[in-house]
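J.: Following this message is one structure expressed as structure tokens.
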Amino acid sequence: MSLGRTPQLSGRSSPVSSGRATPVTKSIFRGESDSMTPAGSSMEELLSCERTFAQLKREGRHLDALPYMEMSVVLRKKIYGDDSKEVLRACQVFTTSCNTLAMNCLQKDEYAKAYELLKKAELLTEPRGYLQEEKTRLKLRAVTFNNLGCFYKRRGKLHAALQYLDKALKIELSSEEVDNPAGTHLNLCATLSQLGRHAPALEHAQCALELLKQSVARKKSKGGKAAMEEASILAIAYHNLAVEQEHLGKWDAAIQSYSESVKMAESQWGPKHPKTHAITQSFLQAKEKLSRKKALLPTVKGTRERKAMASHTISEHEMIQRRRR
């Protein structure tokens with residue numbers, strides 16, 4: 001969901017190496033040998049692996065460090081057993097890292113790397129896999145499906161994106177442990193809008209807006225930065241709602257939603273921020289189009305004009321990119 005031609009935000013994690021990751025062990029996804037080394041030897045390997053991983057991470061070589069993190073999961077399983085907290089914690093960190101690095105790669109148009117990392121995360125979160133704790137597995141699986149949806153949307157494969165986003169939403173709606181599904185609703189809104197399915201896109205924008213309002217209200221009562229972060233996403237939700245209302249010819253509602261989006265943007269980012277400027281431009285353009293439509297354009301022509309000139313919605317992934325600038 002792009003906001004016209006405005007610049008995107010940067011990624012949300014630390015820089016990654018563009019170098020090739022060093023293969024250090026058999027992948028945990030290909031199974032392990034039955035002839036395992038003694039626990040003492042495995043512990044020495046684990047400590048060595050952890051030292052190398054920490055050093056590469058300090059150097060900012062996150063992709064190069066990832067195979068060592070993968071190896072540490074294998075070694076922990078050998079030392080502590082499948083159901084241990086050590087294995088669960090290491091696998092959770094590894095899966096999260098795969099997702100984070102994948103989205104960094106996606107922002108750099110490194111599609112092959114992003115796809116490989118996301119498919120690893122998808123495999124890790126399968127039932128009866130390394131993540132034995134079901135709540136953790138479902139939470140990470142929803143994140144992975146959402147990111148795969150963003151990946152396919154970025155590649156222009158909208159139907160594939162829709163399938164993964166639907167899977168993510170299904171998990172989020174069935175589990176109380178997952179993150180707020182508002183972001184998934186925003187991504188679905190963006191994808192459906194690109195497919196020209198503006199009525200369901202509008203419904204997802206409305207769902208995202210209501211969920212965000214509820215979440216902001218809860219987090220404000222607790223204090224902290226989390227409420228402010230979600231309040232800023234409200235500006236995007238109002239904007240996307242306005243875009244879909246505009247596409248569907250609901251001009252008065254669209255103008256109201258654009259106005260709310262501008263207010264939220266100004267309160268969260270300030271009136272001179274690039275994101276605020278972009279949203280304000282969408283608002284002004286919508287007002288101009290409505291004035292022209294009322295004054296000059298016949299109904300049929302106005303419909304064509306509306307479809308040709310309507311703004312574009314913003315996905316959660318693109319919104320995160322804009323937030324970094």
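Identifiers in the structure tokens: chain A, B, ... in order shown; residue index from 1 per chain; ligand index from 1 in order shown.
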Determine, counting only C-alpha atoms, which protein, DNA and RNA residues have an atom within 12 Å of an atom of A:Lys250; residues of the same chain fewer than 3 positions away are not included. Present the result as JSON, numbers by chain.
T.: {"A": [198, 199, 202, 241, 242, 243, 244, 245, 246, 247, 253, 254, 255, 256, 257, 286, 290, 303, 306, 310]}
J.: Output N, CA and C atoms for every residue in that selection, as a short mmCIF file (atom, residue, chain, number, x, y, z; two decimals), in the first residue's frame.
T.:
data_model
loop_
_atom_site.label_atom_id
_atom_site.label_comp_id
_atom_site.auth_asym_id
_atom_site.auth_seq_id
_atom_site.Cartn_x
_atom_site.Cartn_y
_atom_site.Cartn_z
N HIS A 198 -12.16 -3.29 -3.51
CA HIS A 198 -12.17 -2.18 -2.54
C HIS A 198 -13.16 -2.36 -1.40
N ALA A 199 -14.24 -3.08 -1.63
CA ALA A 199 -15.21 -3.30 -0.54
C ALA A 199 -14.60 -4.12 0.60
N LEU A 202 -11.94 -2.11 2.35
CA LEU A 202 -12.52 -1.15 3.30
C LEU A 202 -12.82 -1.83 4.64
N LEU A 241 -8.38 3.87 5.28
CA LEU A 241 -9.84 3.92 5.30
C LEU A 241 -10.33 4.97 4.31
N ALA A 242 -9.70 6.13 4.33
CA ALA A 242 -10.10 7.21 3.43
C ALA A 242 -9.91 6.82 1.96
N VAL A 243 -8.79 6.16 1.67
CA VAL A 243 -8.50 5.75 0.30
C VAL A 243 -9.59 4.82 -0.23
N GLU A 244 -9.96 3.84 0.59
CA GLU A 244 -10.98 2.89 0.14
C GLU A 244 -12.35 3.54 0.04
N GLN A 245 -12.65 4.45 0.94
CA GLN A 245 -13.91 5.20 0.84
C GLN A 245 -13.93 6.02 -0.44
N GLU A 246 -12.79 6.57 -0.78
CA GLU A 246 -12.67 7.35 -2.02
C GLU A 246 -12.89 6.46 -3.23
N HIS A 247 -12.28 5.29 -3.24
CA HIS A 247 -12.46 4.36 -4.35
C HIS A 247 -13.92 3.96 -4.53
N ALA A 253 -17.39 10.68 3.65
CA ALA A 253 -16.70 9.86 4.64
C ALA A 253 -15.20 9.88 4.42
N ALA A 254 -14.78 9.86 3.15
CA ALA A 254 -13.35 9.87 2.83
C ALA A 254 -12.70 11.16 3.32
N ILE A 255 -13.35 12.30 3.09
CA ILE A 255 -12.79 13.58 3.52
C ILE A 255 -12.65 13.60 5.04
N GLN A 256 -13.64 13.07 5.74
CA GLN A 256 -13.57 13.01 7.20
C GLN A 256 -12.42 12.12 7.67
N SER A 257 -12.26 10.98 7.02
CA SER A 257 -11.18 10.06 7.40
C SER A 257 -9.81 10.66 7.09
N ALA A 286 -7.74 14.94 -2.42
CA ALA A 286 -9.10 14.40 -2.35
C ALA A 286 -10.13 15.53 -2.32
N LEU A 290 -12.95 16.17 -5.17
CA LEU A 290 -14.37 16.24 -4.83
C LEU A 290 -14.97 17.55 -5.34
N THR A 303 -16.90 8.91 -12.09
CA THR A 303 -16.54 7.59 -11.60
C THR A 303 -15.21 7.14 -12.17
N ARG A 306 -12.49 9.17 -10.60
CA ARG A 306 -12.21 8.77 -9.24
C ARG A 306 -11.30 7.56 -9.21
N ALA A 310 -7.64 8.04 -7.55
CA ALA A 310 -7.70 7.74 -6.12
C ALA A 310 -6.31 7.44 -5.57
#
J.: For stretch 264-280 of chain A, find every residue with an atom within 7 Å (counting only C-alpha atoms), except residues of its own chain fewer than 4 positions away, and show them as number ranges by chain.
T.: A: 6, 232, 234-235, 260, 284
J.: Going by DSSP on the backbone, which bits of stretch 126-207 of chain A are alpha helix (DSSP H)? Write them as a PDB file with N, CA, C and O atoms, in the first residue's frame, please.
T.:
ATOM      1  N   GLU A 134       3.349 -24.571  22.006  1.00  0.00           N
ATOM      2  CA  GLU A 134       2.378 -24.234  20.968  1.00  0.00           C
ATOM      3  C   GLU A 134       2.091 -22.742  20.856  1.00  0.00           C
ATOM      4  O   GLU A 134       1.977 -22.197  19.757  1.00  0.00           O
ATOM      5  N   LYS A 135       1.989 -22.050  21.973  1.00  0.00           N
ATOM      6  CA  LYS A 135       1.673 -20.620  21.923  1.00  0.00           C
ATOM      7  C   LYS A 135       2.789 -19.832  21.231  1.00  0.00           C
ATOM      8  O   LYS A 135       2.534 -18.951  20.412  1.00  0.00           O
ATOM      9  N   THR A 136       4.018 -20.179  21.579  1.00  0.00           N
ATOM     10  CA  THR A 136       5.162 -19.518  20.940  1.00  0.00           C
ATOM     11  C   THR A 136       5.215 -19.841  19.456  1.00  0.00           C
ATOM     12  O   THR A 136       5.468 -18.963  18.619  1.00  0.00           O
ATOM     13  N   ARG A 137       4.983 -21.101  19.128  1.00  0.00           N
ATOM     14  CA  ARG A 137       5.005 -21.523  17.722  1.00  0.00           C
ATOM     15  C   ARG A 137       3.966 -20.765  16.895  1.00  0.00           C
ATOM     16  O   ARG A 137       4.270 -20.263  15.807  1.00  0.00           O
ATOM     17  N   LEU A 138       2.760 -20.656  17.402  1.00  0.00           N
ATOM     18  CA  LEU A 138       1.690 -19.982  16.658  1.00  0.00           C
ATOM     19  C   LEU A 138       1.990 -18.495  16.482  1.00  0.00           C
ATOM     20  O   LEU A 138       1.731 -17.922  15.417  1.00  0.00           O
ATOM     21  N   LYS A 139       2.524 -17.884  17.531  1.00  0.00           N
ATOM     22  CA  LYS A 139       2.851 -16.464  17.436  1.00  0.00           C
ATOM     23  C   LYS A 139       3.890 -16.213  16.336  1.00  0.00           C
ATOM     24  O   LYS A 139       3.733 -15.316  15.502  1.00  0.00           O
ATOM     25  N   LEU A 140       4.951 -17.030  16.331  1.00  0.00           N
ATOM     26  CA  LEU A 140       5.998 -16.858  15.331  1.00  0.00           C
ATOM     27  C   LEU A 140       5.529 -17.273  13.935  1.00  0.00           C
ATOM     28  O   LEU A 140       5.969 -16.713  12.927  1.00  0.00           O
ATOM     29  N   ARG A 141       4.619 -18.231  13.874  1.00  0.00           N
ATOM     30  CA  ARG A 141       4.088 -18.644  12.568  1.00  0.00           C
ATOM     31  C   ARG A 141       3.238 -17.532  11.958  1.00  0.00           C
ATOM     32  O   ARG A 141       3.297 -17.287  10.756  1.00  0.00           O
ATOM     33  N   ALA A 142       2.460 -16.863  12.779  1.00  0.00           N
ATOM     34  CA  ALA A 142       1.662 -15.735  12.282  1.00  0.00           C
ATOM     35  C   ALA A 142       2.563 -14.617  11.757  1.00  0.00           C
ATOM     36  O   ALA A 142       2.310 -14.037  10.697  1.00  0.00           O
ATOM     37  N   VAL A 143       3.642 -14.337  12.498  1.00  0.00           N
ATOM     38  CA  VAL A 143       4.603 -13.318  12.045  1.00  0.00           C
ATOM     39  C   VAL A 143       5.217 -13.721  10.706  1.00  0.00           C
ATOM     40  O   VAL A 143       5.341 -12.907   9.780  1.00  0.00           O
ATOM     41  N   THR A 144       5.600 -14.979  10.597  1.00  0.00           N
ATOM     42  CA  THR A 144       6.232 -15.472   9.369  1.00  0.00           C
ATOM     43  C   THR A 144       5.267 -15.406   8.188  1.00  0.00           C
ATOM     44  O   THR A 144       5.639 -14.969   7.090  1.00  0.00           O
ATOM     45  N   PHE A 145       4.023 -15.836   8.381  1.00  0.00           N
ATOM     46  CA  PHE A 145       3.029 -15.771   7.307  1.00  0.00           C
ATOM     47  C   PHE A 145       2.787 -14.319   6.882  1.00  0.00           C
ATOM     48  O   PHE A 145       2.644 -14.024   5.690  1.00  0.00           O
ATOM     49  N   ASN A 146       2.738 -13.425   7.851  1.00  0.00           N
ATOM     50  CA  ASN A 146       2.540 -12.007   7.533  1.00  0.00           C
ATOM     51  C   ASN A 146       3.694 -11.478   6.685  1.00  0.00           C
ATOM     52  O   ASN A 146       3.484 -10.778   5.683  1.00  0.00           O
ATOM     53  N   ASN A 147       4.916 -11.835   7.078  1.00  0.00           N
ATOM     54  CA  ASN A 147       6.078 -11.377   6.328  1.00  0.00           C
ATOM     55  C   ASN A 147       6.151 -12.003   4.939  1.00  0.00           C
ATOM     56  O   ASN A 147       6.573 -11.356   3.976  1.00  0.00           O
ATOM     57  N   LEU A 148       5.733 -13.267   4.814  1.00  0.00           N
ATOM     58  CA  LEU A 148       5.658 -13.885   3.492  1.00  0.00           C
ATOM     59  C   LEU A 148       4.613 -13.175   2.635  1.00  0.00           C
ATOM     60  O   LEU A 148       4.795 -13.013   1.419  1.00  0.00           O
ATOM     61  N   GLY A 149       3.536 -12.744   3.260  1.00  0.00           N
ATOM     62  CA  GLY A 149       2.550 -11.951   2.524  1.00  0.00           C
ATOM     63  C   GLY A 149       3.144 -10.659   2.004  1.00  0.00           C
ATOM     64  O   GLY A 149       2.925 -10.270   0.850  1.00  0.00           O
ATOM     65  N   CYS A 150       3.928  -9.986   2.852  1.00  0.00           N
ATOM     66  CA  CYS A 150       4.607  -8.759   2.421  1.00  0.00           C
ATOM     67  C   CYS A 150       5.599  -9.044   1.294  1.00  0.00           C
ATOM     68  O   CYS A 150       5.737  -8.254   0.352  1.00  0.00           O
ATOM     69  N   PHE A 151       6.298 -10.174   1.409  1.00  0.00           N
ATOM     70  CA  PHE A 151       7.270 -10.555   0.382  1.00  0.00           C
ATOM     71  C   PHE A 151       6.579 -10.719  -0.971  1.00  0.00           C
ATOM     72  O   PHE A 151       7.019 -10.153  -1.984  1.00  0.00           O
ATOM     73  N   TYR A 152       5.510 -11.497  -0.997  1.00  0.00           N
ATOM     74  CA  TYR A 152       4.833 -11.749  -2.275  1.00  0.00           C
ATOM     75  C   TYR A 152       4.155 -10.494  -2.811  1.00  0.00           C
ATOM     76  O   TYR A 152       4.093 -10.280  -4.028  1.00  0.00           O
ATOM     77  N   LYS A 153       3.666  -9.656  -1.929  1.00  0.00           N
ATOM     78  CA  LYS A 153       3.081  -8.397  -2.387  1.00  0.00           C
ATOM     79  C   LYS A 153       4.144  -7.527  -3.036  1.00  0.00           C
ATOM     80  O   LYS A 153       3.918  -6.915  -4.084  1.00  0.00           O
ATOM     81  N   ARG A 154       5.310  -7.476  -2.418  1.00  0.00           N
ATOM     82  CA  ARG A 154       6.422  -6.685  -2.963  1.00  0.00           C
ATOM     83  C   ARG A 154       6.838  -7.218  -4.331  1.00  0.00           C
ATOM     84  O   ARG A 154       7.247  -6.454  -5.208  1.00  0.00           O
ATOM     85  N   LEU A 158       0.140 -10.971  -5.975  1.00  0.00           N
ATOM     86  CA  LEU A 158      -0.857 -10.535  -5.012  1.00  0.00           C
ATOM     87  C   LEU A 158      -1.715 -11.673  -4.474  1.00  0.00           C
ATOM     88  O   LEU A 158      -2.118 -11.661  -3.313  1.00  0.00           O
ATOM     89  N   HIS A 159      -2.027 -12.651  -5.315  1.00  0.00           N
ATOM     90  CA  HIS A 159      -2.855 -13.760  -4.847  1.00  0.00           C
ATOM     91  C   HIS A 159      -2.099 -14.633  -3.843  1.00  0.00           C
ATOM     92  O   HIS A 159      -2.680 -15.107  -2.856  1.00  0.00           O
ATOM     93  N   ALA A 160      -0.802 -14.818  -4.079  1.00  0.00           N
ATOM     94  CA  ALA A 160       0.014 -15.552  -3.112  1.00  0.00           C
ATOM     95  C   ALA A 160       0.110 -14.765  -1.807  1.00  0.00           C
ATOM     96  O   ALA A 160       0.042 -15.334  -0.706  1.00  0.00           O
ATOM     97  N   ALA A 161       0.264 -13.447  -1.924  1.00  0.00           N
ATOM     98  CA  ALA A 161       0.308 -12.589  -0.738  1.00  0.00           C
ATOM     99  C   ALA A 161      -0.978 -12.722   0.061  1.00  0.00           C
ATOM    100  O   ALA A 161      -0.961 -12.844   1.293  1.00  0.00           O
ATOM    101  N   LEU A 162      -2.091 -12.727  -0.653  1.00  0.00           N
ATOM    102  CA  LEU A 162      -3.396 -12.825   0.004  1.00  0.00           C
ATOM    103  C   LEU A 162      -3.539 -14.137   0.767  1.00  0.00           C
ATOM    104  O   LEU A 162      -4.063 -14.173   1.890  1.00  0.00           O
ATOM    105  N   GLN A 163      -3.041 -15.218   0.192  1.00  0.00           N
ATOM    106  CA  GLN A 163      -3.135 -16.526   0.848  1.00  0.00           C
ATOM    107  C   GLN A 163      -2.371 -16.546   2.174  1.00  0.00           C
ATOM    108  O   GLN A 163      -2.870 -17.043   3.186  1.00  0.00           O
ATOM    109  N   TYR A 164      -1.156 -15.996   2.155  1.00  0.00           N
ATOM    110  CA  TYR A 164      -0.358 -15.999   3.378  1.00  0.00           C
ATOM    111  C   TYR A 164      -0.933 -15.041   4.426  1.00  0.00           C
ATOM    112  O   TYR A 164      -0.924 -15.345   5.632  1.00  0.00           O
ATOM    113  N   LEU A 165      -1.430 -13.902   3.991  1.00  0.00           N
ATOM    114  CA  LEU A 165      -2.015 -12.958   4.941  1.00  0.00           C
ATOM    115  C   LEU A 165      -3.283 -13.521   5.565  1.00  0.00           C
ATOM    116  O   LEU A 165      -3.545 -13.316   6.759  1.00  0.00           O
ATOM    117  N   ASP A 166      -4.072 -14.241   4.779  1.00  0.00           N
ATOM    118  CA  ASP A 166      -5.264 -14.906   5.323  1.00  0.00           C
ATOM    119  C   ASP A 166      -4.868 -15.944   6.377  1.00  0.00           C
ATOM    120  O   ASP A 166      -5.530 -16.082   7.412  1.00  0.00           O
ATOM    121  N   LYS A 167      -3.790 -16.689   6.103  1.00  0.00           N
ATOM    122  CA  LYS A 167      -3.312 -17.681   7.077  1.00  0.00           C
ATOM    123  C   LYS A 167      -2.874 -16.995   8.371  1.00  0.00           C
ATOM    124  O   LYS A 167      -3.156 -17.486   9.470  1.00  0.00           O
ATOM    125  N   ALA A 168      -2.166 -15.874   8.231  1.00  0.00           N
ATOM    126  CA  ALA A 168      -1.707 -15.137   9.408  1.00  0.00           C
ATOM    127  C   ALA A 168      -2.897 -14.658  10.236  1.00  0.00           C
ATOM    128  O   ALA A 168      -2.921 -14.803  11.467  1.00  0.00           O
ATOM    129  N   LEU A 169      -3.888 -14.095   9.565  1.00  0.00           N
ATOM    130  CA  LEU A 169      -5.053 -13.566  10.273  1.00  0.00           C
ATOM    131  C   LEU A 169      -5.830 -14.673  10.972  1.00  0.00           C
ATOM    132  O   LEU A 169      -6.323 -14.497  12.094  1.00  0.00           O
ATOM    133  N   LYS A 170      -5.920 -15.823  10.332  1.00  0.00           N
ATOM    134  CA  LYS A 170      -6.634 -16.946  10.927  1.00  0.00           C
ATOM    135  C   LYS A 170      -5.981 -17.348  12.252  1.00  0.00           C
ATOM    136  O   LYS A 170      -6.675 -17.628  13.243  1.00  0.00           O
ATOM    137  N   ILE A 171      -4.657 -17.384  12.284  1.00  0.00           N
ATOM    138  CA  ILE A 171      -3.954 -17.723  13.525  1.00  0.00           C
ATOM    139  C   ILE A 171      -4.176 -16.637  14.565  1.00  0.00           C
ATOM    140  O   ILE A 171      -4.468 -16.915  15.738  1.00  0.00           O
ATOM    141  N   GLU A 172      -4.060 -15.384  14.147  1.00  0.00           N
ATOM    142  CA  GLU A 172      -4.182 -14.267  15.080  1.00  0.00           C
ATOM    143  C   GLU A 172      -5.565 -14.195  15.725  1.00  0.00           C
ATOM    144  O   GLU A 172      -5.702 -13.825  16.891  1.00  0.00           O
ATOM    145  N   LEU A 173      -6.582 -14.535  14.959  1.00  0.00           N
ATOM    146  CA  LEU A 173      -7.946 -14.470  15.483  1.00  0.00           C
ATOM    147  C   LEU A 173      -8.289 -15.643  16.392  1.00  0.00           C
ATOM    148  O   LEU A 173      -9.257 -15.587  17.152  1.00  0.00           O
ATOM    149  N   SER A 174      -7.485 -16.707  16.308  1.00  0.00           N
ATOM    150  CA  SER A 174      -7.773 -17.903  17.105  1.00  0.00           C
ATOM    151  C   SER A 174      -6.876 -18.034  18.331  1.00  0.00           C
ATOM    152  O   SER A 174      -7.046 -18.960  19.119  1.00  0.00           O
ATOM    153  N   ALA A 182      -4.007  -5.957  13.899  1.00  0.00           N
ATOM    154  CA  ALA A 182      -4.285  -4.750  13.112  1.00  0.00           C
ATOM    155  C   ALA A 182      -3.341  -4.630  11.923  1.00  0.00           C
ATOM    156  O   ALA A 182      -3.754  -4.239  10.821  1.00  0.00           O
ATOM    157  N   GLY A 183      -2.062  -4.977  12.136  1.00  0.00           N
ATOM    158  CA  GLY A 183      -1.093  -4.892  11.039  1.00  0.00           C
ATOM    159  C   GLY A 183      -1.442  -5.821   9.897  1.00  0.00           C
ATOM    160  O   GLY A 183      -1.290  -5.459   8.720  1.00  0.00           O
ATOM    161  N   THR A 184      -1.936  -7.007  10.217  1.00  0.00           N
ATOM    162  CA  THR A 184      -2.341  -7.947   9.170  1.00  0.00           C
ATOM    163  C   THR A 184      -3.545  -7.406   8.416  1.00  0.00           C
ATOM    164  O   THR A 184      -3.633  -7.535   7.185  1.00  0.00           O
ATOM    165  N   HIS A 185      -4.485  -6.797   9.126  1.00  0.00           N
ATOM    166  CA  HIS A 185      -5.637  -6.184   8.464  1.00  0.00           C
ATOM    167  C   HIS A 185      -5.181  -5.076   7.501  1.00  0.00           C
ATOM    168  O   HIS A 185      -5.712  -4.943   6.387  1.00  0.00           O
ATOM    169  N   LEU A 186      -4.179  -4.293   7.910  1.00  0.00           N
ATOM    170  CA  LEU A 186      -3.668  -3.242   7.031  1.00  0.00           C
ATOM    171  C   LEU A 186      -3.013  -3.828   5.781  1.00  0.00           C
ATOM    172  O   LEU A 186      -3.173  -3.308   4.677  1.00  0.00           O
ATOM    173  N   ASN A 187      -2.263  -4.913   5.967  1.00  0.00           N
ATOM    174  CA  ASN A 187      -1.634  -5.556   4.814  1.00  0.00           C
ATOM    175  C   ASN A 187      -2.673  -6.164   3.876  1.00  0.00           C
ATOM    176  O   ASN A 187      -2.530  -6.114   2.648  1.00  0.00           O
ATOM    177  N   LEU A 188      -3.712  -6.762   4.451  1.00  0.00           N
ATOM    178  CA  LEU A 188      -4.799  -7.299   3.624  1.00  0.00           C
ATOM    179  C   LEU A 188      -5.521  -6.179   2.888  1.00  0.00           C
ATOM    180  O   LEU A 188      -5.884  -6.326   1.714  1.00  0.00           O
ATOM    181  N   CYS A 189      -5.722  -5.077   3.563  1.00  0.00           N
ATOM    182  CA  CYS A 189      -6.354  -3.913   2.923  1.00  0.00           C
ATOM    183  C   CYS A 189      -5.549  -3.473   1.709  1.00  0.00           C
ATOM    184  O   CYS A 189      -6.103  -3.243   0.627  1.00  0.00           O
ATOM    185  N   ALA A 190      -4.237  -3.388   1.871  1.00  0.00           N
ATOM    186  CA  ALA A 190      -3.373  -2.940   0.775  1.00  0.00           C
ATOM    187  C   ALA A 190      -3.408  -3.905  -0.397  1.00  0.00           C
ATOM    188  O   ALA A 190      -3.487  -3.503  -1.555  1.00  0.00           O
ATOM    189  N   THR A 191      -3.331  -5.195  -0.084  1.00  0.00           N
ATOM    190  CA  THR A 191      -3.295  -6.202  -1.147  1.00  0.00           C
ATOM    191  C   THR A 191      -4.610  -6.254  -1.900  1.00  0.00           C
ATOM    192  O   THR A 191      -4.645  -6.281  -3.141  1.00  0.00           O
ATOM    193  N   LEU A 192      -5.715  -6.254  -1.179  1.00  0.00           N
ATOM    194  CA  LEU A 192      -7.040  -6.280  -1.817  1.00  0.00           C
ATOM    195  C   LEU A 192      -7.268  -5.017  -2.641  1.00  0.00           C
ATOM    196  O   LEU A 192      -7.880  -5.070  -3.713  1.00  0.00           O
ATOM    197  N   SER A 193      -6.777  -3.898  -2.151  1.00  0.00           N
ATOM    198  CA  SER A 193      -6.925  -2.650  -2.897  1.00  0.00           C
ATOM    199  C   SER A 193      -6.204  -2.724  -4.241  1.00  0.00           C
ATOM    200  O   SER A 193      -6.723  -2.287  -5.264  1.00  0.00           O
ATOM    201  N   GLN A 194      -5.003  -3.306  -4.232  1.00  0.00           N
ATOM    202  CA  GLN A 194      -4.269  -3.456  -5.484  1.00  0.00           C
ATOM    203  C   GLN A 194      -4.970  -4.402  -6.452  1.00  0.00           C
ATOM    204  O   GLN A 194      -4.845  -4.266  -7.671  1.00  0.00           O
ATOM    205  N   HIS A 198     -12.159  -3.287  -3.506  1.00  0.00           N
ATOM    206  CA  HIS A 198     -12.168  -2.183  -2.544  1.00  0.00           C
ATOM    207  C   HIS A 198     -13.162  -2.360  -1.403  1.00  0.00           C
ATOM    208  O   HIS A 198     -12.937  -1.835  -0.307  1.00  0.00           O
ATOM    209  N   ALA A 199     -14.240  -3.080  -1.628  1.00  0.00           N
ATOM    210  CA  ALA A 199     -15.206  -3.297  -0.539  1.00  0.00           C
ATOM    211  C   ALA A 199     -14.600  -4.123   0.599  1.00  0.00           C
ATOM    212  O   ALA A 199     -14.645  -3.702   1.765  1.00  0.00           O
ATOM    213  N   PRO A 200     -14.003  -5.304   0.308  1.00  0.00           N
ATOM    214  CA  PRO A 200     -13.343  -6.028   1.413  1.00  0.00           C
ATOM    215  C   PRO A 200     -12.122  -5.288   1.954  1.00  0.00           C
ATOM    216  O   PRO A 200     -11.795  -5.405   3.137  1.00  0.00           O
ATOM    217  N   ALA A 201     -11.446  -4.517   1.105  1.00  0.00           N
ATOM    218  CA  ALA A 201     -10.313  -3.726   1.579  1.00  0.00           C
ATOM    219  C   ALA A 201     -10.782  -2.711   2.617  1.00  0.00           C
ATOM    220  O   ALA A 201     -10.117  -2.491   3.641  1.00  0.00           O
ATOM    221  N   LEU A 202     -11.938  -2.107   2.355  1.00  0.00           N
ATOM    222  CA  LEU A 202     -12.516  -1.153   3.302  1.00  0.00           C
ATOM    223  C   LEU A 202     -12.818  -1.832   4.639  1.00  0.00           C
ATOM    224  O   LEU A 202     -12.555  -1.270   5.712  1.00  0.00           O
ATOM    225  N   GLU A 203     -13.347  -3.039   4.586  1.00  0.00           N
ATOM    226  CA  GLU A 203     -13.671  -3.773   5.815  1.00  0.00           C
ATOM    227  C   GLU A 203     -12.412  -4.031   6.655  1.00  0.00           C
ATOM    228  O   GLU A 203     -12.434  -3.892   7.882  1.00  0.00           O
ATOM    229  N   HIS A 204     -11.319  -4.389   5.993  1.00  0.00           N
ATOM    230  CA  HIS A 204     -10.075  -4.638   6.729  1.00  0.00           C
ATOM    231  C   HIS A 204      -9.510  -3.335   7.308  1.00  0.00           C
ATOM    232  O   HIS A 204      -8.943  -3.338   8.411  1.00  0.00           O
ATOM    233  N   ALA A 205      -9.655  -2.238   6.582  1.00  0.00           N
ATOM    234  CA  ALA A 205      -9.211  -0.949   7.124  1.00  0.00           C
ATOM    235  C   ALA A 205     -10.013  -0.591   8.369  1.00  0.00           C
ATOM    236  O   ALA A 205      -9.460  -0.100   9.370  1.00  0.00           O
ATOM    237  N   GLN A 206     -11.315  -0.851   8.327  1.00  0.00           N
ATOM    238  CA  GLN A 206     -12.170  -0.576   9.485  1.00  0.00           C
ATOM    239  C   GLN A 206     -11.791  -1.459  10.674  1.00  0.00           C
ATOM    240  O   GLN A 206     -11.741  -0.982  11.814  1.00  0.00           O
ATOM    241  N   CYS A 207     -11.519  -2.733  10.404  1.00  0.00           N
ATOM    242  CA  CYS A 207     -11.100  -3.647  11.475  1.00  0.00           C
ATOM    243  C   CYS A 207      -9.792  -3.182  12.107  1.00  0.00           C
ATOM    244  O   CYS A 207      -9.642  -3.177  13.340  1.00  0.00           O
TER     245      CYS A 207
END
J.: Nearest to A:Ala65 among A:Leu209, A:Cys91, A:Leu101, A:Lys77, with distances taken over only C-alpha atoms: which residue is it?
T.: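 Of A:Leu209, A:Cys91, A:Leu101, A:Lys77, the one nearest A:Ala65 is A:Leu101, counting only C-alpha atoms.
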J.: In Å, rounded to a single decimal, give me how far atom CA of A:Asn240 is from atom CA of A:Gln281.
T.: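 Between atom CA of A:Gln281 and atom CA of A:Asn240 the gap works out to 14.0 Å.
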J.: To one decimal place, how far is atom CA of A:Val216 from atom CA of A:Met103 in Å?
T.: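 Interatomic distance, atom CA of A:Val216 to atom CA of A:Met103: 25.5 Å.
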J.: Skip A:Ala90 itself and residues of its chain fewer than 3 positions away, then list as a PyMOL selection string all residues within 10 Å of it, counting only C-alpha atoms.
T.: chain A and resi 69-70+72-74+76-77+85-87+93-96+130-131
